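Text of coords36.cif (mmCIF, C-alpha atoms) as supplied:
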data_upload
#
loop_
_atom_site.label_atom_id
_atom_site.label_comp_id
_atom_site.auth_asym_id
_atom_site.auth_seq_id
_atom_site.Cartn_x
_atom_site.Cartn_y
_atom_site.Cartn_z
CA VAL J 178 147.29 54.18 67.40
CA ILE J 179 148.38 50.53 67.14
CA ALA J 180 151.29 51.00 69.58
CA TYR J 181 148.91 52.64 72.06
CA LEU J 182 146.45 49.76 71.71
CA LEU J 183 149.20 47.15 72.21
CA GLY J 184 150.30 48.94 75.37
CA LEU J 185 146.72 49.04 76.57
CA HIS J 186 146.39 45.33 75.89
CA ALA J 187 149.61 44.63 77.81
CA ALA J 188 148.20 46.47 80.83
CA ASP J 189 144.51 45.53 80.76
CA GLY J 190 143.91 42.80 78.19
CA THR J 191 143.69 39.03 78.30
CA VAL J 192 144.08 36.33 75.67
CA GLU J 193 142.24 33.03 75.90
CA GLU J 194 144.18 30.84 73.50
CA SER J 195 141.88 27.83 73.84
CA ARG J 196 138.87 29.96 72.85
CA ALA J 197 140.72 32.16 70.34
CA LYS J 198 139.43 35.16 72.27
CA PHE J 199 140.93 38.53 73.11
CA LYS J 200 139.32 40.60 75.86
CA ILE J 201 139.95 44.00 77.33
CA THR J 202 138.01 45.46 80.25
CA LEU J 203 138.13 49.13 81.19
CA ASN J 204 136.35 51.39 83.65
CA GLU J 205 132.98 52.68 82.48
CA GLN J 206 134.51 56.15 82.07
CA ASP J 207 136.81 54.73 79.37
CA LEU J 208 134.07 53.73 76.92
CA ASN J 209 135.59 55.93 74.20
CA THR J 210 138.85 53.99 74.49
CA VAL J 211 136.98 50.67 74.31
CA ASN J 212 135.22 51.92 71.17
CA LEU J 213 138.52 53.11 69.66
CA PHE J 214 139.97 49.66 70.25
CA ARG J 215 136.93 47.97 68.71
CA ASP J 216 136.73 50.31 65.71
CA SER J 217 140.47 49.98 65.00
CA ILE J 218 140.72 46.20 65.32
CA SER J 219 137.31 44.61 64.76
CA PRO J 220 134.27 46.90 64.27
CA ALA J 221 131.84 43.98 64.54
CA ALA J 222 133.24 42.80 67.89
CA ARG J 223 131.04 42.48 70.94
CA THR J 224 131.15 45.21 73.60
CA TYR J 225 129.17 44.82 76.79
CA PHE J 226 128.58 46.63 80.08
CA ASN J 227 129.27 45.02 83.46
CA SER J 228 127.46 46.62 86.40
CA GLU J 229 129.00 46.99 89.85
CA ARG J 230 129.18 43.72 91.76
CA LEU J 231 130.78 42.05 94.71
CA MET J 232 133.43 39.41 94.02
CA HIS J 233 134.64 36.91 96.59
CA ASN J 234 138.25 35.75 96.30
CA THR J 235 138.45 32.21 97.64
CA ARG J 236 142.26 32.33 97.82
CA ASN J 237 142.36 34.99 100.51
CA ASN J 238 138.70 34.84 101.60
CA LYS J 239 138.17 38.55 100.93
CA ASP J 240 135.38 40.39 99.15
CA TYR J 241 136.08 43.04 96.51
CA ILE J 242 133.86 45.53 94.76
CA ILE J 243 134.18 45.36 91.00
CA HIS J 244 133.26 48.79 89.67
CA PRO J 245 131.16 49.26 86.53
CA ASN J 246 133.15 48.60 83.37
CA TYR J 247 132.99 47.78 79.69
CA THR J 248 134.45 44.67 78.11
CA LEU J 249 135.39 44.21 74.48
CA GLU J 250 135.62 40.64 73.16
CA ILE J 251 137.23 39.83 69.84
CA CYS J 252 137.07 36.22 68.71
CA SER J 253 139.83 35.69 66.19
CA ARG J 254 142.27 32.79 65.97
CA GLN J 255 144.60 34.93 63.81
CA LEU J 256 144.62 37.87 66.27
CA VAL J 257 145.25 35.60 69.25
CA THR J 258 148.03 33.73 67.42
CA ASP J 259 149.69 36.98 66.37
CA LEU J 260 149.50 38.44 69.90
CA ILE J 261 151.03 35.29 71.38
CA ASN J 262 153.79 35.19 68.72
CA PHE J 263 154.71 38.80 69.50
CA GLY J 264 154.83 38.07 73.25
CA PHE J 265 151.50 39.63 74.16
CA GLY J 266 149.76 36.39 75.13
#

Just give me the structure of the file as C-alpha cells.
Amino acid sequence: VIAYLLGLHAADGTVEESRAKFKITLNEQDLNTVNLFRDSISPAARTYFNSERLMHNTRNNKDYIIHPNYTLEICSRQLVTDLINFGFG
C-alpha cells in the first residue's frame, strides 16, 4: 500500500515545505482512494470537498473548469521532511 501511495503522491500530490503541509487532490470519484491515503498515513487529517469552479490562468489568459474533487491535507513537519529527503518534495 505504501508504494502505491508514494506513486500517487508523485503524480498528484504537493508538499509545502514552509507550511509543513502535504496535500493530495483527486477527482470526486476517487474519494475511496483519498480515504485510503488518510487512513493509512494520518487518520485525523483534514479532507474537504471542492465544488466545480472556473479558474483563470493569468499566464496564458485562459479560463479552465476545475471539476469537483477532494483534497487531503496532512500537516506534519516529519512527513514533509521525510518526503523531501526521499526525493518526493

Which of J:Val192, J:Ala187, J:Leu231, J:Ala222 sits closest to J:Val257 [using only C-alpha atoms]: J:Val192

Hits from the PyMOL selection byres ((chain J and resi 213-221) around 8), listed as a PyMOL selection string: chain J and resi 182+209-212+222-223+249+251

J:Glu229 surroundings by all atoms listed in the file, 7 Å radius, close-in-sequence under 3 positions cut, as number ranges by chain: J: 243-245

Exercise: J:Ile242 partners within 12 Å, only C-alpha atoms, chain neighbours under 6 positions left out, as a list of chain:residue names: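 Those residues are J:Ser228, J:Glu229, J:Arg230, J:Leu231, J:Met232, J:His233, J:Asn234.
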
Point-to-point distance from atom CA of J:Phe199 to atom CA of J:Val178, Å rounded to tenths: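 Separating atom CA of J:Phe199 from atom CA of J:Val178 is a distance of 17.8 Å.
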
For atom CA of J:Ala197 and atom CA of J:Arg254, the interatomic separation in Å (one decimal):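 So the two atoms, atom CA of J:Ala197 and atom CA of J:Arg254, lie 4.7 Å apart.
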
Residue nearest J:Gln255 among J:Gly184, J:Arg196, J:Asp189, J:Asn237 (counting only C-alpha atoms): J:Arg196

Nearest to J:Cys252, chosen from J:Gln206, J:Asn227, J:Phe265, J:Lys198, with all atoms listed in the file counted in the distances: J:Lys198

Separation of atom CA of J:Phe226 from atom CA of J:Ser253 in Å: 21.0 Å

Surrounding residues of J:Tyr247 excluding itself and chain neighbours under 6 positions, 7 Å, only C-alpha atoms, as JSON, numbers by chain: {"J": [202, 203, 204, 205, 208, 224, 225, 226, 227]}

Could stretch 217-236 of chain J be completed with N, CA, C and O atoms and returned as a compact mmCIF listing (two decimals), keeping the file's coordinate frame?
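Final output, saved to rebuild.txt:
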# COMPACT_ATOMS: atom_id res chain seq x y z
N SER J 217 139.16 50.12 65.65
CA SER J 217 140.47 49.98 65.00
C SER J 217 140.81 48.53 64.67
O SER J 217 141.51 48.27 63.69
N ILE J 218 140.33 47.61 65.48
CA ILE J 218 140.72 46.20 65.32
C ILE J 218 139.62 45.35 64.70
O ILE J 218 139.87 44.56 63.78
N SER J 219 138.40 45.48 65.21
CA SER J 219 137.31 44.61 64.76
C SER J 219 135.96 45.30 65.01
O SER J 219 135.33 45.08 66.05
N PRO J 220 135.50 46.12 64.06
CA PRO J 220 134.27 46.90 64.27
C PRO J 220 133.02 46.07 64.61
O PRO J 220 132.11 46.59 65.26
N ALA J 221 133.00 44.82 64.25
CA ALA J 221 131.84 43.98 64.54
C ALA J 221 131.94 43.27 65.88
O ALA J 221 131.05 42.51 66.25
N ALA J 222 133.01 43.51 66.62
CA ALA J 222 133.24 42.80 67.89
C ALA J 222 132.19 43.19 68.93
O ALA J 222 131.60 44.26 68.89
N ARG J 223 132.03 42.31 69.87
CA ARG J 223 131.04 42.48 70.94
C ARG J 223 131.61 43.36 72.05
O ARG J 223 132.70 43.11 72.56
N THR J 224 130.83 44.38 72.45
CA THR J 224 131.15 45.21 73.60
C THR J 224 129.99 45.11 74.57
O THR J 224 128.84 45.20 74.16
N TYR J 225 130.27 44.90 75.83
CA TYR J 225 129.17 44.82 76.79
C TYR J 225 129.52 45.51 78.10
O TYR J 225 130.68 45.69 78.44
N PHE J 226 128.47 45.91 78.82
CA PHE J 226 128.58 46.63 80.08
C PHE J 226 128.46 45.66 81.23
O PHE J 226 127.60 44.77 81.22
N ASN J 227 129.32 45.83 82.24
CA ASN J 227 129.27 45.02 83.46
C ASN J 227 128.94 45.96 84.62
O ASN J 227 129.70 46.88 84.90
N SER J 228 127.83 45.74 85.28
CA SER J 228 127.46 46.62 86.40
C SER J 228 128.29 46.28 87.64
O SER J 228 128.95 45.24 87.71
N GLU J 229 128.23 47.18 88.61
CA GLU J 229 129.00 46.99 89.85
C GLU J 229 128.54 45.71 90.53
O GLU J 229 127.36 45.39 90.57
N ARG J 230 129.51 44.98 91.08
CA ARG J 230 129.18 43.72 91.76
C ARG J 230 130.22 43.41 92.81
O ARG J 230 131.32 43.96 92.81
N LEU J 231 129.87 42.51 93.67
CA LEU J 231 130.78 42.05 94.71
C LEU J 231 131.41 40.74 94.27
O LEU J 231 130.72 39.84 93.77
N MET J 232 132.72 40.63 94.39
CA MET J 232 133.43 39.41 94.02
C MET J 232 134.11 38.86 95.27
O MET J 232 134.73 39.60 96.02
N HIS J 233 133.98 37.57 95.46
CA HIS J 233 134.64 36.91 96.59
C HIS J 233 135.85 36.14 96.09
O HIS J 233 135.74 35.31 95.19
N ASN J 234 137.01 36.44 96.66
CA ASN J 234 138.25 35.75 96.30
C ASN J 234 138.43 34.60 97.28
O ASN J 234 138.65 34.80 98.47
N THR J 235 138.34 33.38 96.76
CA THR J 235 138.45 32.21 97.64
C THR J 235 139.87 31.95 98.10
O THR J 235 140.08 31.26 99.09
N ARG J 236 140.87 32.53 97.41
CA ARG J 236 142.26 32.33 97.82
C ARG J 236 142.58 33.03 99.14
O ARG J 236 143.31 32.51 99.97
